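Inspection log for the structure reproduced underneath, given as structure tokens.
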Amino acid sequence: MTEEALRSLDRMTLRERALVALREAILTGRYGPGDHLGEVEIASQLSISRGTVREALRHLQQEGLVTPGVRGMLRVRSLSAAEIDELFRVRCALEGQAVAEIVESDGLPQIVTELNASLDKLEAATGDLAEQLEADLAFHAQLCALSGNSILLDTWRHLEGPIRVVVMSASTENRRFPMSAGHHRPIVEAIERGDAETAVRVLREHMKSAVERLNSKV
């Protein structure tokens, strides 16, 4: 954690610290899908009250990272193969709409420049898996943001937590492959040509390939 991040942490309330710590533990895979999140254990580990932990867990439930388990005990959300397919189909629909709105916009050349810059960051993030995931999601979030449709972006952001959990629970190679810059560049090239139909088709193929790999047990 950087010095700036540590200073930010110092300014946080106990609830915010608990939220950051728990979210990071889930998104980095320290808590895996299906793991129970016991208030007593977490409160002891973080040296905070159970009430503070409970508030943080409720927030994570709203983010889609945590779900009720047996006897109401919260656990890290675990998605079935069917739910992963549904998640990525909804995501594809949102990003496909973003592509359509981008192609129709007046600022297409600048948008393409920004998307290519995001691809360059993704291409550079080949060594560290966490960095690669951040760069991959940043590209897709930017695709939605550049559509100029704030509701679309907010809806996509609501899916981001479950997407992270799914990716982090997959095997290393199955995580890396769909995040390569080469799989994203044809989308931007089609957008640059103003060819929304091709961009959406490539995007759909990209999502289908990702789902197949993320659902693979190999």
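Every chain in the structure tokens has a letter given in the order shown (A, B, ...), and although residue numbers restart at 1 in each chain, ligands are simply numbered from 1 in the order shown.
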
For stretch 91-107 of chain A, find every residue with an atom within 6 Å (counting only C-alpha atoms), except residues of its own chain fewer than 2 positions away, and show them as a list in words.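 Counting only the stated atoms, we get Phe88, Arg89, Pro109, Gln110, Cys144, Ser147, Gly194, Ala196 and Val200 of chain A.
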
Selection from above, all heavy atoms, as a JSON list (two decimals), in the first residue's frame, can you write it?
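Written out: selection_28.json:
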[["chain", "number", "residue", "atom", "x", "y", "z"],
["A", 88, "PHE", "N", -22.52, -11.91, -17.62],
["A", 88, "PHE", "CA", -21.76, -11.40, -18.76],
["A", 88, "PHE", "C", -22.65, -11.04, -19.93],
["A", 88, "PHE", "O", -22.30, -10.19, -20.74],
["A", 88, "PHE", "CB", -20.67, -12.41, -19.15],
["A", 88, "PHE", "CG", -19.40, -12.24, -18.36],
["A", 88, "PHE", "CD1", -19.35, -12.65, -17.04],
["A", 88, "PHE", "CD2", -18.28, -11.66, -18.93],
["A", 88, "PHE", "CE1", -18.19, -12.48, -16.30],
["A", 88, "PHE", "CE2", -17.12, -11.49, -18.20],
["A", 88, "PHE", "CZ", -17.07, -11.90, -16.87],
["A", 89, "ARG", "N", -23.83, -11.67, -20.04],
["A", 89, "ARG", "CA", -24.76, -11.27, -21.09],
["A", 89, "ARG", "C", -25.34, -9.88, -20.81],
["A", 89, "ARG", "O", -25.49, -9.07, -21.74],
["A", 89, "ARG", "CB", -25.87, -12.31, -21.24],
["A", 89, "ARG", "CG", -25.43, -13.52, -22.05],
["A", 89, "ARG", "CD", -26.59, -14.39, -22.49],
["A", 89, "ARG", "NE", -27.11, -15.22, -21.41],
["A", 89, "ARG", "CZ", -28.36, -15.17, -20.97],
["A", 89, "ARG", "NH1", -29.23, -14.34, -21.50],
["A", 89, "ARG", "NH2", -28.76, -15.97, -20.00],
["A", 109, "PRO", "N", -13.23, 10.86, -32.79],
["A", 109, "PRO", "CA", -11.76, 10.78, -32.83],
["A", 109, "PRO", "C", -11.12, 10.88, -31.44],
["A", 109, "PRO", "O", -10.20, 10.11, -31.13],
["A", 109, "PRO", "CB", -11.37, 11.98, -33.71],
["A", 109, "PRO", "CG", -12.56, 12.20, -34.57],
["A", 109, "PRO", "CD", -13.74, 11.90, -33.69],
["A", 110, "GLN", "N", -11.60, 11.78, -30.59],
["A", 110, "GLN", "CA", -11.05, 11.91, -29.25],
["A", 110, "GLN", "C", -11.36, 10.68, -28.41],
["A", 110, "GLN", "O", -10.52, 10.22, -27.62],
["A", 110, "GLN", "CB", -11.61, 13.17, -28.58],
["A", 110, "GLN", "CG", -11.12, 13.40, -27.15],
["A", 110, "GLN", "CD", -9.61, 13.52, -27.05],
["A", 110, "GLN", "OE1", -8.98, 14.06, -27.96],
["A", 110, "GLN", "NE2", -9.03, 13.02, -25.96],
["A", 144, "CYS", "N", -18.02, 2.51, -21.23],
["A", 144, "CYS", "CA", -19.35, 2.93, -20.79],
["A", 144, "CYS", "C", -19.40, 4.42, -20.50],
["A", 144, "CYS", "O", -20.36, 5.11, -20.85],
["A", 144, "CYS", "CB", -19.77, 2.14, -19.56],
["A", 144, "CYS", "SG", -20.02, 0.37, -19.87],
["A", 147, "SER", "N", -19.67, 6.81, -23.46],
["A", 147, "SER", "CA", -20.97, 6.87, -24.15],
["A", 147, "SER", "C", -21.72, 8.12, -23.76],
["A", 147, "SER", "O", -22.65, 8.55, -24.46],
["A", 147, "SER", "CB", -21.80, 5.63, -23.79],
["A", 147, "SER", "OG", -22.28, 5.71, -22.45],
["A", 194, "GLY", "N", -16.49, 3.52, -37.29],
["A", 194, "GLY", "CA", -17.91, 3.83, -37.19],
["A", 194, "GLY", "C", -18.77, 2.62, -37.41],
["A", 194, "GLY", "O", -19.97, 2.74, -37.71],
["A", 196, "ALA", "N", -20.51, 0.06, -35.74],
["A", 196, "ALA", "CA", -21.04, -0.40, -34.45],
["A", 196, "ALA", "C", -21.39, -1.88, -34.49],
["A", 196, "ALA", "O", -21.19, -2.60, -33.50],
["A", 196, "ALA", "CB", -22.26, 0.43, -34.07],
["A", 200, "VAL", "N", -19.88, -4.53, -31.80],
["A", 200, "VAL", "CA", -20.75, -5.28, -30.88],
["A", 200, "VAL", "C", -20.57, -6.78, -31.08],
["A", 200, "VAL", "O", -20.56, -7.55, -30.12],
["A", 200, "VAL", "CB", -22.23, -4.88, -31.09],
["A", 200, "VAL", "CG1", -23.14, -5.81, -30.29],
["A", 200, "VAL", "CG2", -22.44, -3.43, -30.66]]

Contacts of stretch 63-116 of chain A with stretch 27-39 of chain A up to 6 Å, shortest pair per row, only C-alpha atoms, as JSON lines:
{"residue": "A:Leu74", "atom": "CA", "partner": "A:Leu37", "partner_atom": "CA", "distance": 5.7}
{"residue": "A:Arg75", "atom": "CA", "partner": "A:His36", "partner_atom": "CA", "distance": 4.1}
{"residue": "A:Val76", "atom": "CA", "partner": "A:Pro33", "partner_atom": "CA", "distance": 4.9}
{"residue": "A:Arg77", "atom": "CA", "partner": "A:Pro33", "partner_atom": "CA", "distance": 5.5}
{"residue": "A:Ser78", "atom": "CA", "partner": "A:Pro33", "partner_atom": "CA", "distance": 4.6}

Kindly give the distance, in Å, that separates atom CA of A:Glu134 and atom CA of A:Thr52, rounded to a single decimal.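 Between these atoms lies a distance of 28.2 Å.
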
Residues near A:Glu160, cut-off 12 Å, only C-alpha atoms, skip fewer than 4 positions along chain, as a compact mmCIF listing (two decimals) with N, CA, C and O atoms, in the first residue's frame:
# COMPACT_ATOMS: atom_id res chain seq x y z
N LEU A 27 -11.78 -9.18 -3.00
CA LEU A 27 -11.40 -8.95 -4.39
C LEU A 27 -10.03 -9.51 -4.73
O LEU A 27 -9.71 -9.72 -5.90
N GLU A 63 -23.18 -4.02 -2.66
CA GLU A 63 -22.28 -4.02 -3.81
C GLU A 63 -22.33 -5.33 -4.59
O GLU A 63 -21.76 -5.44 -5.68
N GLY A 64 -22.99 -6.32 -4.02
CA GLY A 64 -23.09 -7.61 -4.69
C GLY A 64 -21.94 -8.54 -4.41
O GLY A 64 -21.81 -9.58 -5.07
N LEU A 65 -21.09 -8.20 -3.43
CA LEU A 65 -19.95 -9.05 -3.10
C LEU A 65 -20.28 -10.08 -2.03
O LEU A 65 -19.60 -11.11 -1.91
N LEU A 87 -24.63 -12.88 -16.01
CA LEU A 87 -23.89 -11.66 -15.65
C LEU A 87 -23.20 -11.07 -16.86
O LEU A 87 -23.30 -9.85 -17.13
N PHE A 88 -22.52 -11.91 -17.62
CA PHE A 88 -21.76 -11.40 -18.76
C PHE A 88 -22.65 -11.04 -19.93
O PHE A 88 -22.30 -10.19 -20.74
N VAL A 90 -25.63 -9.61 -19.54
CA VAL A 90 -26.11 -8.27 -19.18
C VAL A 90 -25.00 -7.25 -19.40
O VAL A 90 -25.22 -6.16 -19.94
N ARG A 91 -23.79 -7.62 -18.98
CA ARG A 91 -22.64 -6.73 -19.18
C ARG A 91 -22.44 -6.43 -20.66
O ARG A 91 -22.19 -5.29 -21.05
N LEU A 133 -6.06 -6.94 -14.17
CA LEU A 133 -7.50 -6.90 -13.94
C LEU A 133 -7.99 -5.46 -13.84
O LEU A 133 -9.04 -5.11 -14.41
N GLU A 134 -7.24 -4.62 -13.12
CA GLU A 134 -7.62 -3.21 -12.99
C GLU A 134 -7.63 -2.53 -14.35
O GLU A 134 -8.55 -1.77 -14.67
N ASP A 136 -7.99 -3.96 -17.29
CA ASP A 136 -9.07 -4.52 -18.10
C ASP A 136 -10.41 -3.89 -17.74
O ASP A 136 -11.16 -3.42 -18.61
N LEU A 137 -10.72 -3.85 -16.45
CA LEU A 137 -11.99 -3.27 -16.02
C LEU A 137 -12.04 -1.77 -16.29
O LEU A 137 -13.11 -1.22 -16.59
N ALA A 138 -10.88 -1.11 -16.20
CA ALA A 138 -10.83 0.33 -16.49
C ALA A 138 -11.19 0.60 -17.94
O ALA A 138 -11.89 1.57 -18.25
N HIS A 140 -13.19 -1.26 -19.88
CA HIS A 140 -14.62 -1.48 -20.07
C HIS A 140 -15.46 -0.39 -19.40
O HIS A 140 -16.49 0.02 -19.92
N ALA A 141 -15.00 0.08 -18.24
CA ALA A 141 -15.70 1.17 -17.56
C ALA A 141 -15.61 2.45 -18.40
O ALA A 141 -16.59 3.20 -18.50
N LEU A 153 -23.51 3.78 -17.18
CA LEU A 153 -22.28 3.60 -16.40
C LEU A 153 -22.58 3.15 -14.97
O LEU A 153 -21.93 2.23 -14.45
N ASP A 154 -23.57 3.76 -14.34
CA ASP A 154 -23.94 3.37 -12.97
C ASP A 154 -24.39 1.92 -12.91
O ASP A 154 -24.06 1.20 -11.96
N THR A 155 -25.14 1.49 -13.91
CA THR A 155 -25.61 0.10 -13.95
C THR A 155 -24.44 -0.85 -14.12
O THR A 155 -24.37 -1.90 -13.47
N TRP A 156 -23.50 -0.49 -14.99
CA TRP A 156 -22.30 -1.32 -15.19
C TRP A 156 -21.49 -1.40 -13.89
O TRP A 156 -21.00 -2.48 -13.54
N ARG A 164 -15.54 -9.05 -10.54
CA ARG A 164 -14.24 -9.24 -9.89
C ARG A 164 -14.16 -10.57 -9.15
O ARG A 164 -13.14 -11.28 -9.21
N VAL A 165 -15.21 -10.90 -8.42
CA VAL A 165 -15.23 -12.16 -7.67
C VAL A 165 -15.11 -13.34 -8.62
O VAL A 165 -14.35 -14.28 -8.37
N VAL A 166 -15.84 -13.30 -9.73
CA VAL A 166 -15.79 -14.39 -10.71
C VAL A 166 -14.38 -14.53 -11.29
O VAL A 166 -13.84 -15.64 -11.39
N VAL A 167 -13.78 -13.41 -11.67
CA VAL A 167 -12.45 -13.46 -12.28
C VAL A 167 -11.41 -13.98 -11.30
O VAL A 167 -10.58 -14.83 -11.63

Atomic separation - atom CA of A:Met168 relative to atom CA of A:Ala210, Å: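 Pair atom CA of A:Ala210 / atom CA of A:Met168 returns 12.9 Å.
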
Polymer residues at most 8 Å from stretch 122-132 of chain A, only C-alpha atoms, same-chain spacing of 6 or more positions, as JSON, numbers by chain: {"A": [28, 139, 176, 179, 180, 181]}

How would you write, as a PyMOL selection string, the set of residues in stretch 99-197 of chain A that DSSP gives as helix (DSSP H, G or I)? chain A and resi 99-103+108-124+129-145+150-169+172-179+181-183+185-192+196-197
